[in-house]
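Trainee: One structure follows; several queries about it will come next.
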2 protein chains.
Amino acid sequence: MSQPQSRRELARLITRIENGERGAQAALNELYKRTGRARVIGITGAPGSGKSSLVAELIKDLRSQPAPPQVAVVAVDPSSPFSGGAILGDRIRMRDLFGDPGVFIRSMASRGELGGIASATADVVSVLDAYGFDVIIIETVGAGQLEVDVARIAQTVIVVEAPGSGDEVQAVKAGILEIADVVVVNKADRDGVAQTIAALRSALDPSANGSGHHAAERPDVQQEADLAHPVHVWHIPIIKASALNHEGIDAVLIALEQHAEYLAESGEAERRRLQRIESDIQARLRELLLKRAMQRIPPDEYRRLLAASVLRNIHPAEAAESLLESLQS
Amino acid sequence: MSQPQSRRELARLITRIENGERGAQAALNELYKRTGRARVIGITGAPGSGKSSLVAELIKDLRSQPAPPQVAVVAVDPSSPFSGGAILGDRIRMRDLFGDPGVFIRSMASRGELGGIASATADVVSVLDAYGFDVIIIETVGAGQLEVDVARIAQTVIVVEAPGSGDEVQAVKAGILEIADVVVVNKADRDGVAQTIAALRSALDPSANGSGHHAAERPDVQQEADLAHPVHVWHIPIIKASALNHEGIDAVLIALEQHAEYLAESGEAERRRLQRIESDIQARLRELLLKRAMQRIPPDEYRRLLAASVLRNIHPAEAAESLLESLQS
């Protein structure tokens with residue numbers, strides 16, 4: 001199983017995972033042992049921040065290296081041109097990438113039940129990892145809790161912000177800045193960059209929001225100096241970039257290298273992994289328990305409690321408690 | 001309990017619900033019987049579509065009626081000036097409303113575990129309903145599945161779209177157009193309105209996406225004619241408005257009346273309620289089952305399986321299956 005598989009086979013397995021086919025789980029269990037080698041990067045930010053263009057430029061640079069890594073993109077962002085979510089999307093910029101055999105792009109349906117997307121994305125990342133992709137980029141729209149959960153699958157999370165209206169920071173509004181390891185101010189050729197950087201710096205400042213170890217003391221990445229020393233404390237860098245003009249892309253790649261080093265040296269990689277696996281197991285157990293319970297609850301009792309709740313005689317929470325009790329008797 | 005309670009008491013109960021206090025559930029169970037009278041309206045749309053301004057204008061008109069209804073707003077949108085999510089938000093436009101004793105505004109924290117927000121919002125709506133509010137408006141940012149779930153608490157969902165870049169429709173991208181009962185194109189004084197309406201019409205067109213009963217045959221609300229006849233099929237109206245200039249607000253209010261009539265006449269209100277209550281009960285049962293399971297699983301077994309999964313020896317799904325088995329033995 002460890003020899004490279006065809007792209008067609010890979011795409012088929014991913015589709016089976018998305019569809020929740022039972023046989024897919026057996027394949028996942030089998031290949032899980034071969035995961036853990038890939039570098040997984042999450043990129044999130046509001047629609048319009050230019051995440052997809054940034055991803056495209058990062059991939060171009062990665063693929064121009066002397067020993068170019070195999071790169072996969074998992075687009076969970078419905079507004080991404082990668083995901084095909086745009087009605088008449090301009091995927092022109094992506095054409096170069098689509099023609100490169102070392103780049104695999106896959107979009108994930110962002111519909112379906114809550115939580116299911118995060119766990120399906122984790123499974124797709126595992127498959128790509130086992131299939132030998134060196135770098136896996138998860139692109140998700142930065143809009144709330146679901147996106148936070150998807151981004152957390154990554155080892156390093158880049159939050160992208162575009163210069164906007166005054167002091168407002170989209171990433172703060174959406175509650176995603178708190179998971180940033182690296183912040184990129186894209187479209188840095190536009191007006192208002194200084195204001196956006198100042199707003200981001202103040203949002204990341206520990207004296208402003210009381211989070212001690214997520215300080216942003218340095219506005220930009222110090223390139224050579226940091227690579228020479230082990231990093232035990234991470235200062236979230238704010239990097240100016242312009243995907244359009246291919247500016248700042250090298251600084252982002254350096255920040256990614258530095259963060260990988262920090263994760264390895266500090267033990268943070270293991271802590272994050274433990275946390276993620278635990279919440280994944282619990283989410284799956286929750287579903288299994290409900291499924292089993294629904295088979296065991298007498299249908300009449302279920303219908304009776306549902307009707308009572310619809311008629312406002314009992315609160316849904318009471319109905320759920322009664323269903324739990326009916327399982328214990 | 002049925003006499004009007006003080007705002008302070010109300011605010012305190014809502015805080016207890018948000019914090020998940022155990023005593024709050026007893027209060028919810030008690031007041032649940034007194035719910036079902038309020039008109040619940042969901043308003044969703046991308047940040048920048050002007051949802052909050054539209055809400056403000058709708059409330060002004062409602063409160064200017066001869067027998068003004070008591071109105072409550074539940075803001076789940078982190079970008080809403082109602083929710084206070086903006087860093088230096090301009091809440092100037094909201095000042096009039098804050099001074100009106102017939103209007104109650106409450107923001108909900110949008111963090112926390114998945115699914116918890118939808119169920120907490122449903123509970124807050126129940127409280128407001130039982131406390132005698134006639135109209136309850138839920139404002140949520142239109143960005144994905146979570147927002148869809150929150151909006152579904154409402155009887156009628158308004159999706160707000162602003163004229164944008166070309167043929168792109170934010171509501172389609174985010175997957176929220178599919179839950180629209182009424183579509184409002186706000187900021188209709190801006191360029192590109194016709195293009196946005198055309199894009200929305202084509203997205204809502206049954207011949208384009210195969211959904212038979214959600215046709216948008218009429219671009220605007222036909223005012224008097226429809227109110228005279230019972231409505232059994234709902235044609236999603238696309239209404240041009242400008243909250244800034246207070247234009248189209250009356251047409252939105254008429255569409256809301258028409259949709260209420262449709263819900264009552266068609267039996268759709270009961271169908272939606274049944275569906276929502278069932279998924280609420282199942283979500284709560286899922287949590288109760290996990291909690292009970294975590295108390296019953298031997299801690300050593302839990303730690304062993306978690307470690308095996310972290311070390312990639314077994315997939316989290318296998319770990320969850322094993323935990324389920326350990327409960328059955």
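Residues are named by chain letter and number: chains run A, B, ... in the order of the structure tokens, numbers start at 1 in each chain, and ligands are numbered from 1 in the order shown.
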If DSSP is run on the backbone, what residues of region 119-308 of chain A are helix (DSSP H, G or I)? A reply as number ranges by chain would be ideal.
Mentor: A: 119-130, 145-151, 170-173, 177-179, 193-204, 206-209, 223-228, 249-266, 268-296, 299-308
Trainee: Near Ile17 (chain B), within 10 Å and counting only C-alpha atoms, which residues show up once chain neighbours fewer than 6 positions away are dropped, as a list in words?
Mentor: Ala11, Gly23, Ala24, Gln25, Ala27, Leu28, Ser119, Ala120, Thr121, Asp123, Val124 and Val127 of chain B
Trainee: Could you list, as a list in words, every residue within 9 Å of region 138-140 of chain B, counting only C-alpha atoms and ignoring same-chain residues fewer than 3 positions away?
Mentor: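 Contacts, in chain order: Val40, Ile41, Gly42, Ile43, Thr44, Gly45, Lys51, Ser52, Val55, Ala72, Val73, Val74, Ala75, Val76, Asp77, Pro78, Ser79, Ser80, Phe82, Thr121, Val125, Ala143, Glu147, Val148, Val150, Ala151, Ile153 and Ala154 of chain B.
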Trainee: Measure the distance from CA of Glu287 (chain B) to CA of Gly20 (chain A) in Å and round it to one decimal.
Mentor: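 Between CA of Glu287 (chain B) and CA of Gly20 (chain A) the gap works out to 21.9 Å.
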Trainee: Select, from A:Arg63, A:Lys240, A:Arg7, A:Arg34, the residue with the minimum atom-to-atom distance to Thr196 (chain A), counting only C-alpha atoms.
Mentor: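 Of A:Arg63, A:Lys240, A:Arg7, A:Arg34, the one nearest Thr196 (chain A) is A:Lys240, counting only C-alpha atoms.
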Trainee: Taking only C-alpha atoms into account, which of A:Leu311, A:Ala317, A:Val135, A:Leu244 comes nearest Ser49 (chain A)?
Mentor: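 The closest residue to Ser49 (chain A) is A:Leu244.
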Trainee: Near Arg296 (chain A), counting only C-alpha atoms, which residues have an atom at most 10 Å away, once you skip same-chain residues fewer than 4 positions from it, shown as a list in words?
Mentor: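 Skipping anything fewer than 4 positions along the chain leaves Leu290, Lys291, Arg292, Ser326 and Leu327 of chain A.
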Trainee: For N, CA and C atoms, I'd like the residues from the last selection saved as a compact mmCIF listing (two decimals), in the first residue's frame.
Mentor:
```txt
# COMPACT_ATOMS: atom_id res chain seq x y z
N LEU A 290 -25.88 8.03 19.90
CA LEU A 290 -27.22 8.45 19.47
C LEU A 290 -27.84 7.39 18.57
N LYS A 291 -27.03 6.90 17.64
CA LYS A 291 -27.52 5.89 16.70
C LYS A 291 -28.02 4.64 17.45
N ARG A 292 -27.22 4.19 18.40
CA ARG A 292 -27.60 3.02 19.19
C ARG A 292 -28.86 3.32 20.00
N SER A 326 -35.65 6.31 29.56
CA SER A 326 -36.31 5.14 28.95
C SER A 326 -35.27 4.10 28.50
N LEU A 327 -34.01 4.55 28.30
CA LEU A 327 -32.93 3.64 27.92
C LEU A 327 -32.40 2.88 29.13
```
Trainee: Find, counting only C-alpha atoms, the residue in A:Glu57, A:Asp250, A:Glu30, A:Glu161 that gets nearest to chain B.
Mentor: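 Checking each candidate against chain B, we get A:Glu30 as the closest.
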Trainee: Work out how far apart CA of Asp189 (chain B) and CA of Glu247 (chain B) are and give it in Å to one decimal.
Mentor: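 For CA of Asp189 (chain B) relative to CA of Glu247 (chain B), the distance reads 9.5 Å.
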Trainee: In Å, how far is it from CA of Ile236 (chain B) to CA of Glu268 (chain B)?
Mentor: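 Between CA of Ile236 (chain B) and CA of Glu268 (chain B) the gap is 14.5 Å.
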Trainee: For a quick check of understanding, using only C-alpha atoms, which of A:Ile238, A:Met294, A:Leu204, A:Val233 has the smallest distance to Gly267 (chain A)?
Mentor: A:Val233
Trainee: Can you pull out the residues contacting Ala38 (chain B)? Cut-off 7 Å, using only C-alpha atoms, and skip same-chain residues under 2 positions away; I want them as a ChimeraX atom specification.
Mentor: /B:36,40,129,133-136
